[in-house]
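*Asks:* Okay, handing you the structure first.
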There are 2 protein chains.
Amino acid sequence: MLIKNLSEFLGQEVEIRGWVYNLRSSGNIFFLQIRDGSGFAQAVVSKDSVPEQVWADCAKLSLESSIIIKGKVTQHPRQADVFELQATVLQIVQAAAEYPIGKKEHGPDFLMEYRHLWLRSPKQWAILRVRDAIMLAIEEFLHSADFVRVDSPIFTPNACEGTTTLFQVPYFDLGTAYLSQSGQLYLEAAIASVGRCYDFGPVFRAEKSKTKRHLTEFWMMDAEAAFVEHEENLQIQENLTRYIIRYCLTYCQKELAILERDTTKLAQVDAPFVRLNYKEAIAKLRQLGSDIKEGEDLGNDDEVLLTKDSPVPIFIEKWPANIKPFYMKRDAQNSELVLNSDLIATEGAGELIGGSQREDNYDSLLERLKAEGLKVEDYEWYLDLRRYGSVPHSGFGIGLERTVRWITGVEHVRECIPFPRTINRLKP
Amino acid sequence: MLIKNLSEFLGQEVEIRGWVYNLRSSGNIFFLQIRDGSGFAQAVVSKDSVPEQVWADCAKLSLESSIIIKGKVTQHPRQADVFELQATVLQIVQAAAEYPIGKKEHGPDFLMEYRHLWLRSPKQWAILRVRDAIMLAIEEFLHSADFVRVDSPIFTPNACEGTTTLFQVPYFDLGTAYLSQSGQLYLEAAIASVGRCYDFGPVFRAEKSKTKRHLTEFWMMDAEAAFVEHEENLQIQENLTRYIIRYCLTYCQKELAILERDTTKLAQVDAPFVRLNYKEAIAKLRQLGSDIKEGEDLGNDDEVLLTKDSPVPIFIEKWPANIKPFYMKRDAQNSELVLNSDLIATEGAGELIGGSQREDNYDSLLERLKAEGLKVEDYEWYLDLRRYGSVPHSGFGIGLERTVRWITGVEHVRECIPFPRTINRLKP
């Protein structure tokens with residue numbers, strides 16, 4: 001019997017197996033706050049209604065002890081949707097040693113050192129479950145839109161965008177392998193097989209950034225679709241984002257309540273997103289007081305500033321080609337721009353998705369590769385995709401932990417992945 | 001319009017966007033075999049029913065050219081479930097250069113070198129889609145059984161089972177990170193938060209094996225559940241395996257037909273699995289002619305021999321503790337054995353799943369760690385899980401590519417992952 005199903009057993013005897021995460025006694029009654037992974041509930045132990053041994057065991061209970069408890073399910077006297085257990089039998093599975101995570105405030109380093117235990121706190125429990133829900137929402141949406149999962153490799157032979165932010169791995173007699181930062185190029189190959197595809201796995205960035213939005217290892221979903229051009233690419237991203245929000249608002253109410261998330265803000269996202277082109281975005285930012293200049297990338301402060309009064313995420317599209325990667329397709333209307341977009345989330349959560357239509361013309365791609373000083377031989381296989389049945393196509397990548405951070409409203413992305421890895425953290 | 005939905009448009013004009021994967025002409029007719037990622041169909045171009053330009057374009061078509069083609073959907077004259085397109089409009093999106101993968105037989109090295117194109121062949125298309133279906137089946141089953149996804153880290157600080165098969169990555173000022181071989185230990189921490197959890201991602205093994213079953217990078221799903229003991233652990237594995245089979249038989253009929261898979265063999269798996277304990281398995285193997293001795297691990301040949309006449313997979317349970325890892329729980333009936341199991345698939349596919357109940361007693365675990373010469377300080381966090389509310393728990397890991405290999409019936413595991421990585425392959 002799981003706590004989440006307690007209401008279905010009203011008036012019946014049930015057994016719950018879990019942990020005591022809080023307890024207090026009041027004369028002849030012990031109130032045990034228990035959890036079993038599926039939810040949280042209170043068990044009430046009355047001295048008068050249990051054998052002496054059970055009462056004696058209650059006195060021995062420590063925080064985080066594991067127990068098996070039996071009793072009758074009752075409704076909370078004042079809260080109609082809260083159910084309790086009137087305990088009759090208690091078995092201590094293991095009496096926990098003094099738990100290191102207490103009521104007092106702990107610093108982030110302490111909590112990260114005890115990440116293996118910290119995960120048990122209701123807030124971390126809620127984040128884990130929202131993360132799971134977001135992954136399910138993404139996969140459900142993609143399959144309903146005819147995308148097929150095609151995972152891209154982690155070991156990659158060359159360094160697409162320079163080696164400075166790549167982790168290097170000695171690889172047998174083949175020299176160095178680099179840990180992937182994105183599966184995009186591989187997905188571009190797979191669209192000619194399955195039409196639309198996505199990968200969803202860890203990617204790696206050896207960045208020395210110590211911000212609230214950076215991890216060295218994080219999860220990314222890259223999607224790629226044949227015969228999809230810029231406009232449709234944005235539409236898919238918008239539909240996906242809306243789907244995630246709706247899914248979480250439907251299935252994660254308990255979790256979002258624990259996180260004290262203002263869900264009215266999330267509900268407002270269910271409206272058409274705003275679109276600005278890069279030039280408009282820069283003008284608006286300068287109007288709002290930023291000193292950003294045309295030709296520059298947006299910093300985190302700019303992203304926050306741009307979206308601060310917007311109830312919906314904002315697409316910034318058609319950026320200058322010279323600050324974007326070689327594979328983005330030029331805008332036919334203005335060859336100095338590319339057909340790309342960044343999607344900036346609401347409430348200061350920053351960039352969520354980056355995407356673009358890809359250069360599908362062999363000659364243009366070759367020219368771009370050379371202009372960027374990349375070794376053409378490393379990209380022969382990628383050029384093949386333009387030699388043999390090239391099609392217009394587009395794709396995008398969504399960062400999982402940034403999405404979790406946005407939806408849960410937690411401050412730091414390190415709480416949005418079960419075991420975070422940063423420049424100074426590799427444990428536990 | 002996608003080819004998979006062709007039958008719904010019988011008699012109507014539709015547009016298909018895809019690739020020509022074969023073509024032949026017969027006097028005044030061109031037969032184009034086209035695919036669009038969702039399926040395969042034939043388009044018929046009759047000289048008499050199309051503009052001159054379309055007929056001229058047909059003559060220019062090469063294998064793998066990308067096209068947009070319009071026409072009326074008709075039923076095949078002799079096959080009721082086959083639908084064709086009577087083309088009226090043809091647009092060549094890109095005329096492909098001479099395609100390197102031809103009709104003749106290619107060696108595996110050649111095909112692997114061109115993996116980015118080889119993925120387009122009907123057989124590889126089918127494998128990719130079966131792989132996707134297996135992943136969906138696994139996730140659907142696990143969620144229906146109350147498992148929550150909790151991804152474990154790839155970068156790990158210490159080398160659980162020796163460093164010889166671990167890939168090493170220089171990690172900032174923290175020394176060396178090792179690429180994970182299994183997320184099990186991390187999942188054991190997470191069960192105290194969510195009760196039941198799983199991870200599903202790439203794992204890495206720097207093994208020099210060059211067999212049909214080895215990759216350096218492959219996908220693994222690890223599941224772990226609180227309050228689940230040995231017997232229930234086996235039941236979950238059996239139910240999962242059956243669920244995968246049923247799912248593929250239901251949703252991958254077209255794909256399995258392309259792979260010429262004998263699905264009657266797969267359908268037979270839908271019966272109770274056989275269970276042997278290790279001792280029985282060794283005795284049976286010796287009876288069948290193997291020279292394996294008690295105390296030895298099974299080789300691939302042994303796995304094939306043991307299952308060759310079995311219509312269902314075989315669990316081998318309760319192995320000698322001294323050839324198994326430190327974290328497996330001893331059998332209370334016989335302390336020289338552990339409460340583990342390997343699940344051996346049918347038709348020579350070999351080991352699919354490995355699992356065990358875990359040692360949940362602090363003292364026993366500490367003793368085992370010391371006996372194996374492991375550094376206790378590296379496992380303090382893991383020992384914490386036995387200090388603070390330890391519970392009986394079990395888990396298992398299923399190798400994705402081996403499952404794909406079994407269900408598709410392909411010979412080599414390198415075809416079961418989109419971009420395989422082996423000791424001598426890091427490209428494309």
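Labeling convention for the structure tokens: chains A, B, ... as they appear, residues from 1 per chain, ligands from 1 in order of appearance.
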Each residue of chain A with at least one atom at most 6 Å from chain B should appear once, together with its nearest atom pair and the corresponding distance in Å (one decimal); atoms considered: only C-alpha atoms; ordering: chain, then increasing residue number; output as a Markdown table.

*Replies:*
```
| residue | atom | partner | partner_atom | distance |
| --- | --- | --- | --- | --- |
| A:Asp36 | CA | B:Gly195 | CA | 6.0 |
| A:Gly37 | CA | B:Val194 | CA | 3.7 |
| A:Glu64 | CA | B:Gly389 | CA | 5.3 |
| A:Ser65 | CA | B:Gly389 | CA | 4.2 |
| A:Ser66 | CA | B:Gly389 | CA | 4.4 |
| A:Gln94 | CA | B:Gly389 | CA | 5.4 |
| A:Ala96 | CA | B:Tyr388 | CA | 4.3 |
| A:Ala97 | CA | B:Arg387 | CA | 5.8 |
| A:His116 | CA | B:Ala189 | CA | 5.4 |
| A:Leu119 | CA | B:Ser193 | CA | 6.0 |
| A:Arg120 | CA | B:Ser193 | CA | 4.2 |
| A:Trp125 | CA | B:Ser193 | CA | 5.9 |
| A:Asp132 | CA | B:Arg149 | CA | 5.3 |
| A:Arg149 | CA | B:Asp132 | CA | 5.3 |
| A:Pro153 | CA | B:Phe419 | CA | 6.0 |
| A:Pro157 | CA | B:Leu426 | CA | 5.9 |
| A:Val169 | CA | B:Val169 | CA | 5.2 |
| A:Ala189 | CA | B:His116 | CA | 5.4 |
| A:Ser193 | CA | B:Arg120 | CA | 4.2 |
| A:Val194 | CA | B:Gly37 | CA | 3.7 |
| A:Gly195 | CA | B:Gly37 | CA | 4.1 |
| A:Arg387 | CA | B:Ala96 | CA | 5.7 |
| A:Tyr388 | CA | B:Ala96 | CA | 4.3 |
| A:Gly389 | CA | B:Ser65 | CA | 4.3 |
| A:Ser390 | CA | B:Gln94 | CA | 5.8 |
| A:Phe419 | CA | B:Pro153 | CA | 5.9 |
| A:Leu426 | CA | B:Pro157 | CA | 5.9 |
```

*Asks:* Find the residues near Phe315 in chain B: any atom within 12 Å, counting only C-alpha atoms, skip ones fewer than 3 places away on the same chain, and give them as an NGL selection string.

*Replies:* :B and (231 or 233-235 or 237-238 or 241 or 272-278 or 280-281 or 303 or 306-307 or 310 or 312 or 318-319 or 340-346 or 350-356)

*Asks:* At a cut-off of 12 Å, using only C-alpha atoms, what residues contact Cys248 in chain B? Leave out same-chain residues fewer than 2 positions from it and give the result as a PyMOL selection string.

*Replies:* chain B and resi 126-127+129-138+241-246+250-257+261+263+266-267+403-404+406-408

*Asks:* Assign secondary structure with DSSP using the backbone only, and return the residues of range 34-77 of chain B in helix (DSSP H, G or I) as a list in words.

*Replies:* Lys47, Asp48, Ser49, Glu52, Gln53, Val54, Trp55, Ala56, Asp57, Cys58, Ala59 and Lys60 of chain B

*Asks:* CA of Ala59 in chain A and CA of Ile34 in chain A are how many Å apart?

*Replies:* 15.5 Å

*Asks:* For CA of Glu401 in chain B and CA of Cys416 in chain B, quote the distance in Å rounded to one decimal.

*Replies:*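 CA of Cys416 in chain B lies 5.3 Å from CA of Glu401 in chain B.
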
*Asks:* Write down as an MDAnalysis selection string the residues of range 215-329 of chain B whose backbone DSSP state falls under strand (DSSP E or B).

*Replies:* chainID B and resid 217:226 274:277 314:317 320 328

*Asks:* Got a sec: who's within 8 Å of Met1 in chain B, counting only C-alpha atoms, leaving out chain neighbours fewer than 3 positions off, as a list in words?

*Replies:*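 Surrounding residues, per the criterion: Asn5, Leu6, Val14, Glu15 and Ile16 of chain B.
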
*Asks:* Write out the residues from the selection above, keeping all heavy atoms, as a PDB file, in the first residue's frame.

*Replies:*
```pdb
ATOM      1  N   ASN B   5       0.356   6.719 -42.954  1.00  0.00           N
ATOM      2  CA  ASN B   5      -1.083   6.994 -42.950  1.00  0.00           C
ATOM      3  C   ASN B   5      -1.723   6.900 -44.330  1.00  0.00           C
ATOM      4  O   ASN B   5      -2.873   7.298 -44.521  1.00  0.00           O
ATOM      5  CB  ASN B   5      -1.339   8.394 -42.382  1.00  0.00           C
ATOM      6  CG  ASN B   5      -0.806   8.537 -40.973  1.00  0.00           C
ATOM      7  OD1 ASN B   5      -0.878   7.599 -40.179  1.00  0.00           O
ATOM      8  ND2 ASN B   5      -0.242   9.686 -40.666  1.00  0.00           N
ATOM      9  N   LEU B   6      -0.974   6.387 -45.301  1.00  0.00           N
ATOM     10  CA  LEU B   6      -1.407   6.374 -46.698  1.00  0.00           C
ATOM     11  C   LEU B   6      -2.800   5.764 -46.869  1.00  0.00           C
ATOM     12  O   LEU B   6      -3.632   6.285 -47.608  1.00  0.00           O
ATOM     13  CB  LEU B   6      -0.366   5.589 -47.523  1.00  0.00           C
ATOM     14  CG  LEU B   6      -0.062   6.044 -48.949  1.00  0.00           C
ATOM     15  CD1 LEU B   6       0.205   7.532 -49.037  1.00  0.00           C
ATOM     16  CD2 LEU B   6       1.155   5.273 -49.469  1.00  0.00           C
ATOM     17  N   VAL B  14      -2.510  13.412 -52.368  1.00  0.00           N
ATOM     18  CA  VAL B  14      -1.662  13.705 -51.207  1.00  0.00           C
ATOM     19  C   VAL B  14      -0.277  14.150 -51.666  1.00  0.00           C
ATOM     20  O   VAL B  14       0.088  14.002 -52.843  1.00  0.00           O
ATOM     21  CB  VAL B  14      -1.505  12.474 -50.279  1.00  0.00           C
ATOM     22  CG1 VAL B  14      -2.844  12.010 -49.743  1.00  0.00           C
ATOM     23  CG2 VAL B  14      -0.779  11.356 -50.991  1.00  0.00           C
ATOM     24  N   GLU B  15       0.473  14.704 -50.728  1.00  0.00           N
ATOM     25  CA  GLU B  15       1.859  15.094 -51.011  1.00  0.00           C
ATOM     26  C   GLU B  15       2.767  14.350 -50.042  1.00  0.00           C
ATOM     27  O   GLU B  15       2.518  14.347 -48.831  1.00  0.00           O
ATOM     28  CB  GLU B  15       2.015  16.602 -50.801  1.00  0.00           C
ATOM     29  CG  GLU B  15       3.453  17.073 -50.979  1.00  0.00           C
ATOM     30  CD  GLU B  15       3.625  18.546 -50.641  1.00  0.00           C
ATOM     31  OE1 GLU B  15       3.197  19.388 -51.443  1.00  0.00           O
ATOM     32  OE2 GLU B  15       4.183  18.846 -49.549  1.00  0.00           O
ATOM     33  N   ILE B  16       3.795  13.726 -50.569  1.00  0.00           N
ATOM     34  CA  ILE B  16       4.781  13.034 -49.731  1.00  0.00           C
ATOM     35  C   ILE B  16       6.142  13.678 -49.934  1.00  0.00           C
ATOM     36  O   ILE B  16       6.535  13.990 -51.062  1.00  0.00           O
ATOM     37  CB  ILE B  16       4.821  11.525 -50.059  1.00  0.00           C
ATOM     38  CG1 ILE B  16       3.525  10.859 -49.563  1.00  0.00           C
ATOM     39  CG2 ILE B  16       6.031  10.845 -49.433  1.00  0.00           C
ATOM     40  CD1 ILE B  16       3.377   9.435 -49.989  1.00  0.00           C
TER      41      ILE B  16
END
```

*Asks:* If you count only C-alpha atoms, which residues fall within 12 Å of Leu337 in chain A, apart from same-chain ones fewer than 2 positions away, as a PyMOL selection string?

*Replies:* chain A and resi 277-279+295+317-326+328-335+339-341+356-357

*Asks:* Quick one: of A:Gly348, A:Leu259, A:Ala41, A:Gly183, who's nearest to Lys123 in chain A, counting only C-alpha atoms?

*Replies:*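 With only C-alpha atoms as the atom set, the closest residue is A:Leu259.
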
*Asks:* If I take CA of Arg368 in chain B and CA of Ala223 in chain B, how far is one from the other in Å, to one decimal?

*Replies:*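 Interatomic distance, CA of Arg368 in chain B to CA of Ala223 in chain B: 22.9 Å.
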